[in-house]
file target.cif (mmCIF, C-alpha atoms)
data_structure
#
loop_
_atom_site.label_atom_id
_atom_site.label_comp_id
_atom_site.auth_asym_id
_atom_site.auth_seq_id
_atom_site.Cartn_x
_atom_site.Cartn_y
_atom_site.Cartn_z
CA MET A 1 0.00 0.00 0.00
CA ALA A 2 1.62 3.28 -1.17
CA SER A 3 2.43 5.84 1.49
CA GLN A 4 3.95 9.30 1.51
CA ILE A 5 4.78 12.10 3.91
CA LEU A 6 4.34 15.83 3.49
CA LYS A 7 6.88 17.62 5.70
CA HIS A 8 7.45 21.13 7.01
CA ILE A 9 3.87 22.20 6.23
CA LYS A 10 3.55 25.85 7.25
CA GLN A 11 0.02 25.27 8.53
CA LEU A 12 -2.04 22.07 8.52
CA VAL A 13 -5.58 23.45 8.52
CA ASN A 14 -8.82 22.14 10.05
CA VAL A 15 -7.34 19.38 12.16
CA ARG A 16 -10.13 18.03 14.33
CA ALA A 17 -12.07 15.01 15.43
CA ASP A 18 -15.60 15.40 14.15
CA THR A 19 -18.26 15.87 16.80
CA GLY A 20 -20.89 17.41 14.54
CA PRO A 21 -21.52 20.53 12.46
CA LEU A 22 -20.27 23.91 13.66
CA TYR A 23 -23.04 26.25 14.82
CA GLY A 24 -22.99 30.01 15.27
CA LYS A 25 -19.79 31.24 16.92
CA GLN A 26 -18.22 27.77 16.64
CA LEU A 27 -17.70 28.44 12.93
CA ALA A 28 -14.81 30.82 13.71
CA ASN A 29 -12.83 28.04 15.41
CA LEU A 30 -10.41 26.63 12.82
CA PRO A 31 -7.73 24.41 14.42
CA VAL A 32 -4.32 24.44 12.73
CA VAL A 33 -0.98 22.75 13.38
CA GLU A 34 2.08 24.91 12.69
CA ASP A 35 5.19 23.39 11.07
CA ALA A 36 3.44 20.10 10.55
CA TYR A 37 3.74 16.78 8.79
CA LEU A 38 1.05 14.60 7.23
CA ILE A 39 1.36 10.91 6.32
CA THR A 40 -0.98 9.22 3.89
CA GLU A 41 -1.28 5.49 3.41
CA GLY A 42 -3.23 4.22 0.45
CA GLU A 43 -6.38 6.34 0.15
CA GLU A 44 -6.42 7.54 3.75
CA ILE A 45 -4.78 9.97 6.15
CA ALA A 46 -2.62 7.80 8.39
CA ALA A 47 -0.99 10.31 10.77
CA PHE A 48 -0.13 13.96 11.27
CA GLY A 49 1.38 16.26 13.85
CA LYS A 50 4.16 18.75 14.52
CA MET A 51 7.50 18.23 12.82
CA SER A 52 9.16 18.42 16.22
CA ALA A 53 7.36 15.21 17.19
CA LEU A 54 9.12 13.21 14.48
CA LYS A 55 12.13 11.36 15.75
CA ASN A 56 15.55 12.16 14.33
CA ASP A 57 15.66 8.57 13.16
CA GLN A 58 13.70 8.54 9.90
CA THR A 59 13.42 4.73 9.89
CA GLY A 60 9.86 3.68 9.19
CA LEU A 61 8.82 6.93 7.55
CA PRO A 62 7.58 6.78 3.95
CA LYS A 63 10.32 7.08 1.34
CA ASP A 64 8.07 9.27 -0.79
CA GLN A 65 8.58 12.67 0.89
CA LEU A 66 7.52 16.18 -0.15
CA ASP A 67 8.87 19.41 1.37
CA CYS A 68 5.94 21.79 1.90
CA SER A 69 7.85 24.73 3.41
CA GLY A 70 5.81 27.94 3.25
CA ARG A 71 2.70 26.12 2.08
CA LEU A 72 -0.68 25.35 3.63
CA VAL A 73 -2.46 22.01 3.55
CA LEU A 74 -6.25 22.00 3.84
CA PRO A 75 -8.98 19.38 3.43
CA CYS A 76 -10.56 19.51 -0.02
CA TRP A 77 -13.66 21.63 -0.48
CA CYS A 78 -17.05 19.96 0.03
CA ASP A 79 -19.51 21.48 -2.46
CA SER A 80 -22.92 20.39 -1.22
CA HIS A 81 -25.11 21.99 -3.90
CA THR A 82 -24.47 21.60 -7.64
CA HIS A 83 -26.42 20.87 -10.83
CA ILE A 84 -23.46 19.89 -13.03
CA VAL A 85 -25.31 17.44 -15.29
CA PHE A 86 -26.70 19.76 -17.95
CA ALA A 87 -26.41 20.53 -21.64
CA GLY A 88 -25.68 23.80 -23.42
CA SER A 89 -25.33 27.25 -21.89
CA ARG A 90 -27.47 30.33 -21.25
CA GLU A 91 -25.31 33.35 -21.96
CA ASN A 92 -28.18 34.91 -23.93
CA GLU A 93 -30.18 35.12 -20.71
CA PHE A 94 -27.11 36.60 -19.03
CA VAL A 95 -27.31 39.44 -21.56
CA ASP A 96 -31.11 39.70 -21.09
CA ARG A 97 -30.56 40.27 -17.36
CA ILE A 98 -27.99 42.97 -18.12
CA ARG A 99 -30.71 44.60 -20.21
CA GLY A 100 -33.10 44.53 -17.27
CA LEU A 101 -35.12 41.31 -17.35
CA SER A 102 -35.47 39.47 -14.05
CA TYR A 103 -34.87 35.75 -13.46
CA ALA A 104 -38.64 35.27 -12.95
CA GLU A 105 -39.47 37.14 -16.18
CA ILE A 106 -37.05 35.02 -18.20
CA HIS A 107 -38.56 31.87 -16.69
CA ALA A 108 -42.11 33.05 -17.50
CA ARG A 109 -41.10 33.48 -21.17
CA GLY A 110 -40.04 29.84 -21.38
CA GLY A 111 -36.38 30.48 -20.68
CA GLY A 112 -34.43 29.70 -17.55
CA ILE A 113 -34.79 26.16 -16.28
CA LEU A 114 -37.13 25.19 -19.14
CA HIS A 115 -34.51 26.17 -21.73
CA THR A 116 -31.97 23.81 -20.17
CA VAL A 117 -34.65 21.12 -19.85
CA GLN A 118 -35.13 21.22 -23.61
CA GLN A 119 -31.40 20.94 -24.27
CA VAL A 120 -31.01 18.05 -21.82
CA SER A 121 -33.94 16.19 -23.36
CA GLU A 122 -32.22 16.38 -26.75
CA ALA A 123 -28.80 15.25 -25.46
CA SER A 124 -27.75 11.63 -25.25
CA GLU A 125 -26.84 10.07 -21.91
CA ASP A 126 -23.28 9.56 -23.12
CA ASN A 127 -22.87 13.21 -24.11
CA LEU A 128 -24.30 14.37 -20.80
CA PHE A 129 -21.83 12.10 -19.03
CA LEU A 130 -18.83 13.34 -21.00
CA GLU A 131 -19.67 17.00 -20.43
CA ALA A 132 -20.28 16.46 -16.72
CA TRP A 133 -17.04 14.48 -16.47
CA LYS A 134 -15.11 17.47 -17.84
CA ARG A 135 -16.72 19.65 -15.17
CA LEU A 136 -15.81 17.14 -12.46
CA GLU A 137 -12.19 17.13 -13.57
CA GLU A 138 -12.10 20.93 -13.62
CA ILE A 139 -13.52 21.39 -10.13
CA SER A 140 -11.26 18.69 -8.70
CA ARG A 141 -8.25 20.66 -9.91
CA GLN A 142 -9.77 23.67 -8.13
CA GLY A 143 -9.79 21.73 -4.86
CA THR A 144 -13.23 20.12 -4.65
CA GLY A 145 -13.10 16.59 -3.27
CA ALA A 146 -16.77 15.95 -2.49
CA LEU A 147 -19.97 17.22 -4.04
CA GLU A 148 -23.70 16.75 -4.27
CA ILE A 149 -25.24 16.67 -7.76
CA LYS A 150 -28.94 17.39 -8.29
CA SER A 151 -31.16 16.42 -11.19
CA GLY A 152 -33.99 18.79 -12.12
CA TYR A 153 -33.33 19.51 -15.80
CA GLY A 154 -35.52 16.61 -16.89
CA LEU A 155 -39.06 17.24 -15.59
CA SER A 156 -40.20 13.95 -17.13
CA LEU A 157 -39.70 10.36 -16.11
CA ALA A 158 -37.37 9.52 -19.02
CA THR A 159 -35.15 12.59 -18.75
CA GLU A 160 -34.95 12.71 -14.94
CA LEU A 161 -33.88 9.06 -15.03
CA LYS A 162 -31.32 9.89 -17.72
CA ILE A 163 -29.76 12.59 -15.51
CA LEU A 164 -29.77 10.43 -12.39
CA ARG A 165 -28.17 7.55 -14.29
CA VAL A 166 -25.44 9.93 -15.44
CA ILE A 167 -24.88 10.93 -11.82
CA LYS A 168 -24.64 7.24 -10.90
CA ARG A 169 -22.02 6.70 -13.62
CA LEU A 170 -20.04 9.70 -12.39
CA ARG A 171 -20.20 8.34 -8.87
CA GLN A 172 -18.95 4.91 -9.96
CA ARG A 173 -16.09 6.23 -12.08
CA SER A 174 -14.89 9.27 -10.15
CA SER A 175 -12.57 9.25 -7.15
CA LEU A 176 -14.50 12.20 -5.75
CA THR A 177 -17.17 11.65 -3.12
CA VAL A 178 -20.48 12.12 -4.96
CA ARG A 179 -23.99 12.33 -3.50
CA SER A 180 -27.13 12.32 -5.65
CA THR A 181 -30.34 14.32 -5.26
CA PHE A 182 -33.62 13.99 -7.15
CA LEU A 183 -34.99 17.46 -7.98
CA GLY A 184 -37.88 16.60 -10.26
CA ALA A 185 -39.79 19.38 -8.48
CA HIS A 186 -37.52 22.07 -9.91
CA THR A 187 -40.36 23.73 -11.84
CA TYR A 188 -43.44 22.69 -13.79
CA PRO A 189 -42.86 21.45 -17.34
CA ALA A 190 -44.66 23.35 -20.08
CA ALA A 191 -47.22 20.55 -20.54
CA TYR A 192 -48.28 20.89 -16.90
CA ARG A 193 -48.24 24.68 -16.61
CA GLU A 194 -52.00 24.67 -15.94
CA ASP A 195 -52.08 21.26 -14.25
CA HIS A 196 -49.79 21.42 -11.25
CA GLU A 197 -51.55 18.53 -9.54
CA GLY A 198 -50.97 16.32 -12.56
CA TYR A 199 -47.21 16.89 -12.46
CA ILE A 200 -47.04 16.35 -8.70
CA ARG A 201 -48.79 13.00 -9.21
CA GLU A 202 -46.25 12.12 -11.91
CA ILE A 203 -43.39 12.82 -9.51
CA MET A 204 -44.97 10.84 -6.69
CA GLU A 205 -46.47 7.92 -8.59
CA ASP A 206 -44.24 7.49 -11.65
CA MET A 207 -40.78 8.91 -10.94
CA LEU A 208 -40.13 8.13 -7.29
CA PRO A 209 -40.80 4.35 -7.39
CA VAL A 210 -38.34 3.86 -10.28
CA ILE A 211 -35.69 6.08 -8.66
CA ALA A 212 -35.98 4.13 -5.42
CA ARG A 213 -35.92 0.76 -7.18
CA GLU A 214 -32.75 1.64 -9.13
CA LYS A 215 -31.16 3.35 -6.09
CA LEU A 216 -30.47 6.49 -8.12
CA ALA A 217 -30.67 9.13 -5.37
CA ASP A 218 -29.81 9.77 -1.74
CA TYR A 219 -32.03 12.84 -1.32
CA ILE A 220 -35.15 14.52 -2.64
CA ASP A 221 -35.29 18.30 -3.16
CA VAL A 222 -38.04 20.78 -4.06
CA PHE A 223 -37.86 24.38 -5.28
CA CYS A 224 -40.23 25.94 -2.73
CA GLU A 225 -40.89 29.39 -4.16
CA LYS A 226 -43.60 31.67 -5.55
CA GLY A 227 -44.43 30.57 -9.08
CA PHE A 228 -42.92 27.14 -8.43
CA PHE A 229 -43.98 24.84 -5.54
CA ASN A 230 -45.82 26.19 -2.51
CA PRO A 231 -45.20 24.87 1.03
CA ASP A 232 -48.11 22.41 0.97
CA GLU A 233 -47.04 20.97 -2.37
CA THR A 234 -43.45 20.85 -1.15
CA GLU A 235 -44.39 18.89 1.95
CA ARG A 236 -46.41 16.35 -0.05
CA ILE A 237 -43.52 15.72 -2.44
CA LEU A 238 -40.95 15.46 0.36
CA ARG A 239 -43.16 13.00 2.26
CA ALA A 240 -43.51 10.87 -0.85
CA GLY A 241 -39.74 10.88 -1.17
CA LEU A 242 -39.29 9.87 2.45
CA GLN A 243 -41.57 6.90 1.88
CA GLN A 244 -39.13 5.81 -0.84
CA GLY A 245 -36.11 6.26 1.42
CA LEU A 246 -34.96 9.68 0.14
CA LYS A 247 -34.08 12.25 2.79
CA PRO A 248 -35.40 15.81 2.29
CA LYS A 249 -33.42 18.83 1.17
CA LEU A 250 -34.93 22.14 0.09
CA HIS A 251 -34.37 25.08 -2.26
CA SER A 252 -35.84 27.72 0.04
CA ASN A 253 -36.17 31.50 0.32
CA GLN A 254 -34.22 32.34 -2.83
CA LEU A 255 -36.70 34.90 -4.17
CA SER A 256 -39.14 35.33 -1.28
CA SER A 257 -40.04 34.27 2.24
CA MET A 258 -43.18 32.15 1.94
CA GLY A 259 -42.90 29.33 4.47
CA GLY A 260 -40.11 27.27 2.94
CA VAL A 261 -37.94 27.49 6.06
CA GLN A 262 -40.75 26.28 8.28
CA THR A 263 -41.61 23.46 5.86
CA GLY A 264 -38.00 22.29 5.74
CA ILE A 265 -37.68 22.32 9.51
CA LYS A 266 -40.99 20.44 9.87
CA MET A 267 -39.74 17.81 7.43
CA ASN A 268 -36.36 17.49 9.22
CA ALA A 269 -34.49 18.46 6.07
CA VAL A 270 -30.77 17.70 5.92
CA SER A 271 -30.20 21.21 4.56
CA LEU A 272 -32.03 24.39 3.58
CA ASP A 273 -30.31 25.96 0.58
CA HIS A 274 -30.23 29.56 -0.74
CA LEU A 275 -31.87 31.63 2.07
CA GLU A 276 -31.31 34.99 0.36
CA LYS A 277 -34.69 36.24 1.63
CA ILE A 278 -34.93 35.70 5.38
CA SER A 279 -37.56 37.32 7.60
CA ALA A 280 -37.46 37.83 11.36
CA GLU A 281 -39.90 34.92 11.65
CA ASP A 282 -37.56 32.73 9.59
CA LEU A 283 -34.61 33.59 11.83
CA GLU A 284 -36.64 32.74 14.90
CA SER A 285 -37.60 29.39 13.35
CA LEU A 286 -33.98 28.63 12.44
CA SER A 287 -32.65 29.43 15.90
CA GLY A 288 -31.79 26.12 17.49
CA TRP A 289 -32.43 24.10 14.31
CA LYS A 290 -29.86 21.33 13.85
CA GLY A 291 -29.80 21.11 10.06
CA ILE A 292 -27.46 22.96 7.71
CA CYS A 293 -28.09 26.35 6.07
CA THR A 294 -26.31 26.19 2.71
CA LEU A 295 -25.52 29.59 1.22
CA LEU A 296 -24.76 30.11 -2.47
CA PRO A 297 -23.16 33.55 -2.85
CA THR A 298 -22.07 33.21 -6.47
CA ALA A 299 -25.66 32.48 -7.53
CA ALA A 300 -27.04 35.58 -5.82
CA ASN A 301 -24.20 37.67 -7.18
CA PHE A 302 -24.69 36.36 -10.73
CA LEU A 303 -28.40 37.22 -10.59
CA GLY A 304 -27.73 40.69 -9.15
CA MET A 305 -29.52 39.88 -5.91
CA PRO A 306 -28.55 40.77 -2.34
CA LEU A 307 -26.39 38.03 -0.88
CA PRO A 308 -27.56 35.92 2.08
CA GLU A 309 -27.22 37.64 5.45
CA ALA A 310 -24.70 35.23 6.89
CA ARG A 311 -24.05 37.15 10.09
CA LYS A 312 -27.73 37.18 11.03
CA LEU A 313 -27.86 33.43 10.52
CA LEU A 314 -24.74 32.93 12.61
CA ASP A 315 -26.15 35.16 15.34
CA ALA A 316 -29.22 32.92 15.34
CA GLY A 317 -26.90 29.96 16.00
CA CYS A 318 -27.19 28.36 12.56
CA ALA A 319 -24.71 25.96 10.97
CA LEU A 320 -23.62 27.50 7.67
CA ALA A 321 -22.23 25.71 4.63
CA LEU A 322 -21.00 27.30 1.41
CA ALA A 323 -21.57 25.81 -2.03
CA THR A 324 -21.38 26.85 -5.69
CA ASP A 325 -24.86 26.04 -7.08
CA TYR A 326 -22.94 25.19 -10.27
CA ASN A 327 -25.55 25.37 -13.05
CA PRO A 328 -25.91 27.00 -16.48
CA GLY A 329 -28.46 29.64 -15.52
CA SER A 330 -27.59 31.29 -12.23
CA SER A 331 -24.08 30.12 -11.30
CA PRO A 332 -22.03 28.82 -14.25
CA SER A 333 -18.96 28.09 -12.12
CA GLY A 334 -17.92 25.35 -9.73
CA ASN A 335 -14.96 27.26 -8.29
CA MET A 336 -15.23 26.99 -4.51
CA ASN A 337 -12.24 29.31 -4.08
CA GLN A 338 -14.31 32.11 -5.60
CA VAL A 339 -17.23 31.23 -3.32
CA ILE A 340 -15.00 31.50 -0.25
CA SER A 341 -13.59 34.87 -1.33
CA MET A 342 -17.06 36.23 -2.06
CA ALA A 343 -18.34 35.01 1.31
CA CYS A 344 -15.58 36.99 3.03
CA ILE A 345 -15.74 40.10 0.83
CA GLN A 346 -19.51 40.48 0.50
CA MET A 347 -21.00 38.43 3.34
CA ASN A 348 -18.52 39.46 6.05
CA LEU A 349 -17.48 35.96 6.99
CA LEU A 350 -14.05 35.60 8.55
CA PRO A 351 -11.64 33.46 6.52
CA GLU A 352 -11.83 30.81 9.24
CA GLU A 353 -15.64 30.81 9.08
CA ALA A 354 -15.68 30.57 5.29
CA ILE A 355 -13.20 27.68 5.23
CA ASN A 356 -15.14 25.75 7.88
CA ALA A 357 -18.36 26.37 5.94
CA ALA A 358 -16.72 25.06 2.75
CA THR A 359 -15.23 21.96 4.39
CA ILE A 360 -16.63 20.41 7.57
CA ASN A 361 -20.12 21.93 7.39
CA GLY A 362 -20.32 21.25 3.66
CA ALA A 363 -19.51 17.62 4.42
CA PHE A 364 -22.30 17.45 6.99
CA ALA A 365 -24.70 19.05 4.49
CA MET A 366 -24.38 15.90 2.37
CA GLU A 367 -23.75 13.45 5.22
CA SER A 368 -20.18 12.75 4.15
CA ALA A 369 -18.30 13.99 7.20
CA HIS A 370 -17.16 10.45 7.99
CA VAL A 371 -14.85 10.58 4.96
CA ALA A 372 -14.42 14.28 4.12
CA GLY A 373 -14.23 17.81 5.46
CA THR A 374 -11.37 17.73 7.98
CA ILE A 375 -7.83 16.49 8.50
CA SER A 376 -8.50 13.37 10.57
CA GLU A 377 -6.88 9.96 10.77
CA GLY A 378 -8.80 7.42 8.75
CA LYS A 379 -10.50 9.95 6.48
CA ARG A 380 -9.85 9.97 2.76
CA ALA A 381 -6.59 11.68 1.86
CA ASN A 382 -8.32 14.48 -0.05
CA ILE A 383 -6.18 17.57 0.47
CA ILE A 384 -5.23 20.89 -1.06
CA LEU A 385 -1.57 21.93 -1.11
CA THR A 386 -1.20 25.65 -1.73
CA HIS A 387 1.64 27.60 -3.27
CA PRO A 388 3.70 29.47 -0.67
CA VAL A 389 1.44 32.12 0.92
CA PRO A 390 1.99 34.53 3.81
CA SER A 391 -1.12 33.48 5.77
CA LEU A 392 -4.46 31.69 5.70
CA ALA A 393 -6.32 34.97 5.16
CA TYR A 394 -4.31 35.52 1.99
CA LEU A 395 -6.37 32.82 0.23
CA PRO A 396 -9.68 34.78 0.10
CA TYR A 397 -7.88 38.16 0.12
CA ALA A 398 -5.95 37.68 -3.15
CA PHE A 399 -9.08 36.46 -4.90
CA GLY A 400 -7.76 36.71 -8.46
CA THR A 401 -4.84 34.34 -7.96
CA ASN A 402 -4.84 30.56 -8.13
CA HIS A 403 -3.30 29.59 -4.81
CA ILE A 404 -3.54 25.83 -5.36
CA ASP A 405 -0.32 24.05 -6.27
CA LYS A 406 -1.52 20.44 -6.03
CA VAL A 407 -4.69 18.54 -5.16
CA MET A 408 -4.61 15.04 -3.69
CA ILE A 409 -7.65 12.79 -4.08
CA ARG A 410 -7.67 9.49 -2.21
CA GLY A 411 -3.93 9.58 -1.65
CA GLN A 412 -2.91 10.46 -5.22
CA PHE A 413 -1.97 13.87 -6.57
CA ILE A 414 -4.15 14.46 -9.61
CA SER A 415 -2.62 15.67 -12.86
CA GLU A 416 -3.21 19.06 -14.39
#

call {"tool": "encode", "arguments": {"input": "target.cif", "output": "structure tokens"}}
result
Amino acid sequence: MASQILKHIKQLVNVRADTGPLYGKQLANLPVVEDAYLITEGEEIAAFGKMSALKNDQTGLPKDQLDCSGRLVLPCWCDSHTHIVFAGSRENEFVDRIRGLSYAEIHARGGGILHTVQQVSEASEDNLFLEAWKRLEEISRQGTGALEIKSGYGLSLATELKILRVIKRLRQRSSLTVRSTFLGAHTYPAAYREDHEGYIREIMEDMLPVIAREKLADYIDVFCEKGFFNPDETERILRAGLQQGLKPKLHSNQLSSMGGVQTGIKMNAVSLDHLEKISAEDLESLSGWKGICTLLPTAANFLGMPLPEARKLLDAGCALALATDYNPGSSPSGNMNQVISMACIQMNLLPEEAINAATINGAFAMESAHVAGTISEGKRANIILTHPVPSLAYLPYAFGTNHIDKVMIRGQFISE
């Protein structure tokens, strides 16, 4: 079993034994080891500590050694909200928004999600896989080691299954940790625009049994929003998913506050995602809640919307995660480094808070903290090795620079 040692690491970041997600003020606690070493064995982290603890006698240490002087080592990013299985692009809508059209107006004209649905329906499963594979390779080089992928660009039994089968193939082939979410309730397809109940029945009676039988998803998600699925509809769909063994997640409070938070809490959702529009009542409901609030700053920024009020959520004692929302319409990027910088610059998160939100809490948001999110013995050796930098805060501060020198996935440095 191959082993190696990284020596003289300037700072080994987020070294902890997992006890659960980090809530409120806990998010600012980021344990580091100065002048450290890290040993990997096979796919796992075998040992770590201060260089001074290594004996002068190097007998027994791995022969494969790497000097990391001046560099930081961090756990890979855990991106708990993506939609990377899609076809085509939507730069025309990007220009429409510059000209003044809103996201909702574009959707009402048949654009937005429905435009991508059409392109996905016309694409073959193999082409969808190849395009998504390229995106996976790109984000892994940017430091992502674990991610959740949602469907939702199908809106029919055949196409939702096609997307979920692509996700399953990605999961089987990739060394990244991949979780799968069924988001058939992303919007209403054109054929059901005036028959919402008919589409909800199709999700519950036609799609979910096949998805459960083929074990194509871990979670079920709903876009709970005005013009999409209301709280009652959302609860019905989530309950149907639970009956098929899929745990609830929720797109909530992206465009308005209309009961999505309360519905997600009632349904014991693993995470509530977006949360750009939070009322005082929502904050009160979230106070003491033990799920994860996943914030997607690049999506809000891309749509020209106010970013989530992270400090209010932290003051309410919430556990925050950061994710990219990688998709062709509202966040055409899977770069978690940009997300972390934006969270610090525009959401006033401390660098320590942003890194915790992008690692340990992101791992908990997709129930992968047993293998990802921290530097811990026995976890997968998924790590980021930076170029020499003056400090941890330099990573989000110098936002236009690629600070990543190498990325290790399951004990192997991946090629450029």

call {"tool": "residues_around", "arguments": {"input": "target.cif", "residues": "Val95 of chain A", "least_positions_apart": "4", "cutoff": "12 Å", "atoms": "only C-alpha atoms", "output": "VMD selection string"}}
result
chain A and resid 90 to 91 99 to 103 106 302 to 303 329

call {"tool": "closest_residue", "arguments": {"input": "target.cif", "among": "A:Leu295, A:Leu255, A:Ala280, A:Leu272", "to": "Gly227 of chain A", "atoms": "only C-alpha atoms"}}
result
A:Leu255

call {"tool": "residues_around", "arguments": {"input": "target.cif", "residues": "Glu353 of chain A", "least_positions_apart": "2", "cutoff": "8 Å", "atoms": "all atoms listed in the file", "output": "number ranges by chain"}}
result
A: 27-30, 349-351, 355-357

call {"tool": "resolve_selection", "arguments": {"input": "target.cif", "expression": "the PyMOL selection byres ((chain A and resi 186-200) around 8)", "output": "list in words"}}
result
Ile113, Leu114, Gly152, Tyr153, Leu155, Ser156, Leu183, Gly184, Ala185, Arg201, Glu202, Ile203, Met204, Val222, Phe223, Phe228, Phe229, Glu233 and Ile237 of chain A

call {"tool": "closest_atom_pairs", "arguments": {"input": "target.cif", "of": "segment 223-293 of chain A", "to": "segment 365-381 of chain A", "cutoff": "10 Å", "atoms": "all atoms listed in the file", "output": "CSV"}}
result
residue,atom,partner,partner_atom,distance
A:Lys249,CA,A:Ala365,CA,9.3
A:Ala269,CA,A:Ala365,CA,9.9
A:Val270,CA,A:Ala365,CA,6.4
A:Ser271,CA,A:Ala365,CA,5.9
A:Leu272,CA,A:Ala365,CA,9.1
A:Asp273,CA,A:Ala365,CA,9.7
A:Gly291,CA,A:Ala365,CA,7.8
A:Ile292,CA,A:Ala365,CA,5.8
A:Cys293,CA,A:Ala365,CA,8.2

call {"tool": "resolve_selection", "arguments": {"input": "target.cif", "expression": "the PyMOL selection byres ((chain A and resi 33-48) around 6)", "output": "list of chain:residue names"}}
result
A:Met1, A:Ala2, A:Ser3, A:Gln4, A:Ile5, A:Leu6, A:Lys7, A:His8, A:Ile9, A:Lys10, A:Gln11, A:Leu12, A:Val32, A:Gly49, A:Lys50, A:Met51, A:Glu377, A:Gly378, A:Lys379, A:Arg380, A:Ala381, A:Arg410, A:Gly411

call {"tool": "build_atoms", "arguments": {"input": "target.cif", "residues": "segment 364-383 of chain A", "atoms": "N, CA and C atoms", "output": "PDB file, in the frame of the given file"}}
result
ATOM      1  N   PHE A 364     -21.091  17.830   6.253  1.00  0.00           N
ATOM      2  CA  PHE A 364     -22.300  17.450   6.990  1.00  0.00           C
ATOM      3  C   PHE A 364     -23.563  17.727   6.182  1.00  0.00           C
ATOM      4  N   ALA A 365     -23.527  18.734   5.298  1.00  0.00           N
ATOM      5  CA  ALA A 365     -24.700  19.050   4.490  1.00  0.00           C
ATOM      6  C   ALA A 365     -25.033  17.962   3.481  1.00  0.00           C
ATOM      7  N   MET A 366     -24.083  17.052   3.234  1.00  0.00           N
ATOM      8  CA  MET A 366     -24.380  15.900   2.370  1.00  0.00           C
ATOM      9  C   MET A 366     -23.992  14.596   3.057  1.00  0.00           C
ATOM     10  N   GLU A 367     -23.951  14.639   4.390  1.00  0.00           N
ATOM     11  CA  GLU A 367     -23.750  13.450   5.220  1.00  0.00           C
ATOM     12  C   GLU A 367     -22.521  12.651   4.799  1.00  0.00           C
ATOM     13  N   SER A 368     -21.441  13.375   4.556  1.00  0.00           N
ATOM     14  CA  SER A 368     -20.180  12.750   4.150  1.00  0.00           C
ATOM     15  C   SER A 368     -19.039  13.080   5.090  1.00  0.00           C
ATOM     16  N   ALA A 369     -19.353  13.560   6.277  1.00  0.00           N
ATOM     17  CA  ALA A 369     -18.300  13.990   7.200  1.00  0.00           C
ATOM     18  C   ALA A 369     -17.477  12.820   7.734  1.00  0.00           C
ATOM     19  N   HIS A 370     -17.948  11.607   7.553  1.00  0.00           N
ATOM     20  CA  HIS A 370     -17.160  10.450   7.990  1.00  0.00           C
ATOM     21  C   HIS A 370     -15.959  10.199   7.088  1.00  0.00           C
ATOM     22  N   VAL A 371     -15.972  10.785   5.880  1.00  0.00           N
ATOM     23  CA  VAL A 371     -14.850  10.580   4.960  1.00  0.00           C
ATOM     24  C   VAL A 371     -14.220  11.888   4.485  1.00  0.00           C
ATOM     25  N   ALA A 372     -14.872  13.023   4.712  1.00  0.00           N
ATOM     26  CA  ALA A 372     -14.420  14.280   4.120  1.00  0.00           C
ATOM     27  C   ALA A 372     -14.597  15.438   5.084  1.00  0.00           C
ATOM     28  N   GLY A 373     -13.952  16.565   4.761  1.00  0.00           N
ATOM     29  CA  GLY A 373     -14.230  17.810   5.460  1.00  0.00           C
ATOM     30  C   GLY A 373     -13.229  18.261   6.489  1.00  0.00           C
ATOM     31  N   THR A 374     -12.377  17.355   6.979  1.00  0.00           N
ATOM     32  CA  THR A 374     -11.370  17.730   7.980  1.00  0.00           C
ATOM     33  C   THR A 374     -10.116  16.887   7.762  1.00  0.00           C
ATOM     34  N   ILE A 375      -9.041  17.305   8.424  1.00  0.00           N
ATOM     35  CA  ILE A 375      -7.830  16.490   8.500  1.00  0.00           C
ATOM     36  C   ILE A 375      -7.980  15.592   9.727  1.00  0.00           C
ATOM     37  N   SER A 376      -8.264  14.338   9.492  1.00  0.00           N
ATOM     38  CA  SER A 376      -8.500  13.370  10.570  1.00  0.00           C
ATOM     39  C   SER A 376      -7.960  12.017  10.149  1.00  0.00           C
ATOM     40  N   GLU A 377      -7.376  11.306  11.075  1.00  0.00           N
ATOM     41  CA  GLU A 377      -6.880   9.960  10.770  1.00  0.00           C
ATOM     42  C   GLU A 377      -8.030   9.073  10.328  1.00  0.00           C
ATOM     43  N   GLY A 378      -7.798   8.337   9.252  1.00  0.00           N
ATOM     44  CA  GLY A 378      -8.800   7.420   8.750  1.00  0.00           C
ATOM     45  C   GLY A 378      -9.707   8.005   7.690  1.00  0.00           C
ATOM     46  N   LYS A 379      -9.713   9.340   7.543  1.00  0.00           N
ATOM     47  CA  LYS A 379     -10.500   9.950   6.480  1.00  0.00           C
ATOM     48  C   LYS A 379      -9.747   9.821   5.152  1.00  0.00           C
ATOM     49  N   ARG A 380     -10.484  10.003   4.073  1.00  0.00           N
ATOM     50  CA  ARG A 380      -9.850   9.970   2.760  1.00  0.00           C
ATOM     51  C   ARG A 380      -8.790  11.061   2.663  1.00  0.00           C
ATOM     52  N   ALA A 381      -7.684  10.718   2.033  1.00  0.00           N
ATOM     53  CA  ALA A 381      -6.590  11.680   1.860  1.00  0.00           C
ATOM     54  C   ALA A 381      -6.922  12.592   0.683  1.00  0.00           C
ATOM     55  N   ASN A 382      -7.904  13.469   0.924  1.00  0.00           N
ATOM     56  CA  ASN A 382      -8.320  14.480  -0.050  1.00  0.00           C
ATOM     57  C   ASN A 382      -7.852  15.822   0.481  1.00  0.00           C
ATOM     58  N   ILE A 383      -6.778  16.358  -0.087  1.00  0.00           N
ATOM     59  CA  ILE A 383      -6.180  17.570   0.470  1.00  0.00           C
ATOM     60  C   ILE A 383      -5.782  18.543  -0.624  1.00  0.00           C
TER      61      ILE A 383
END
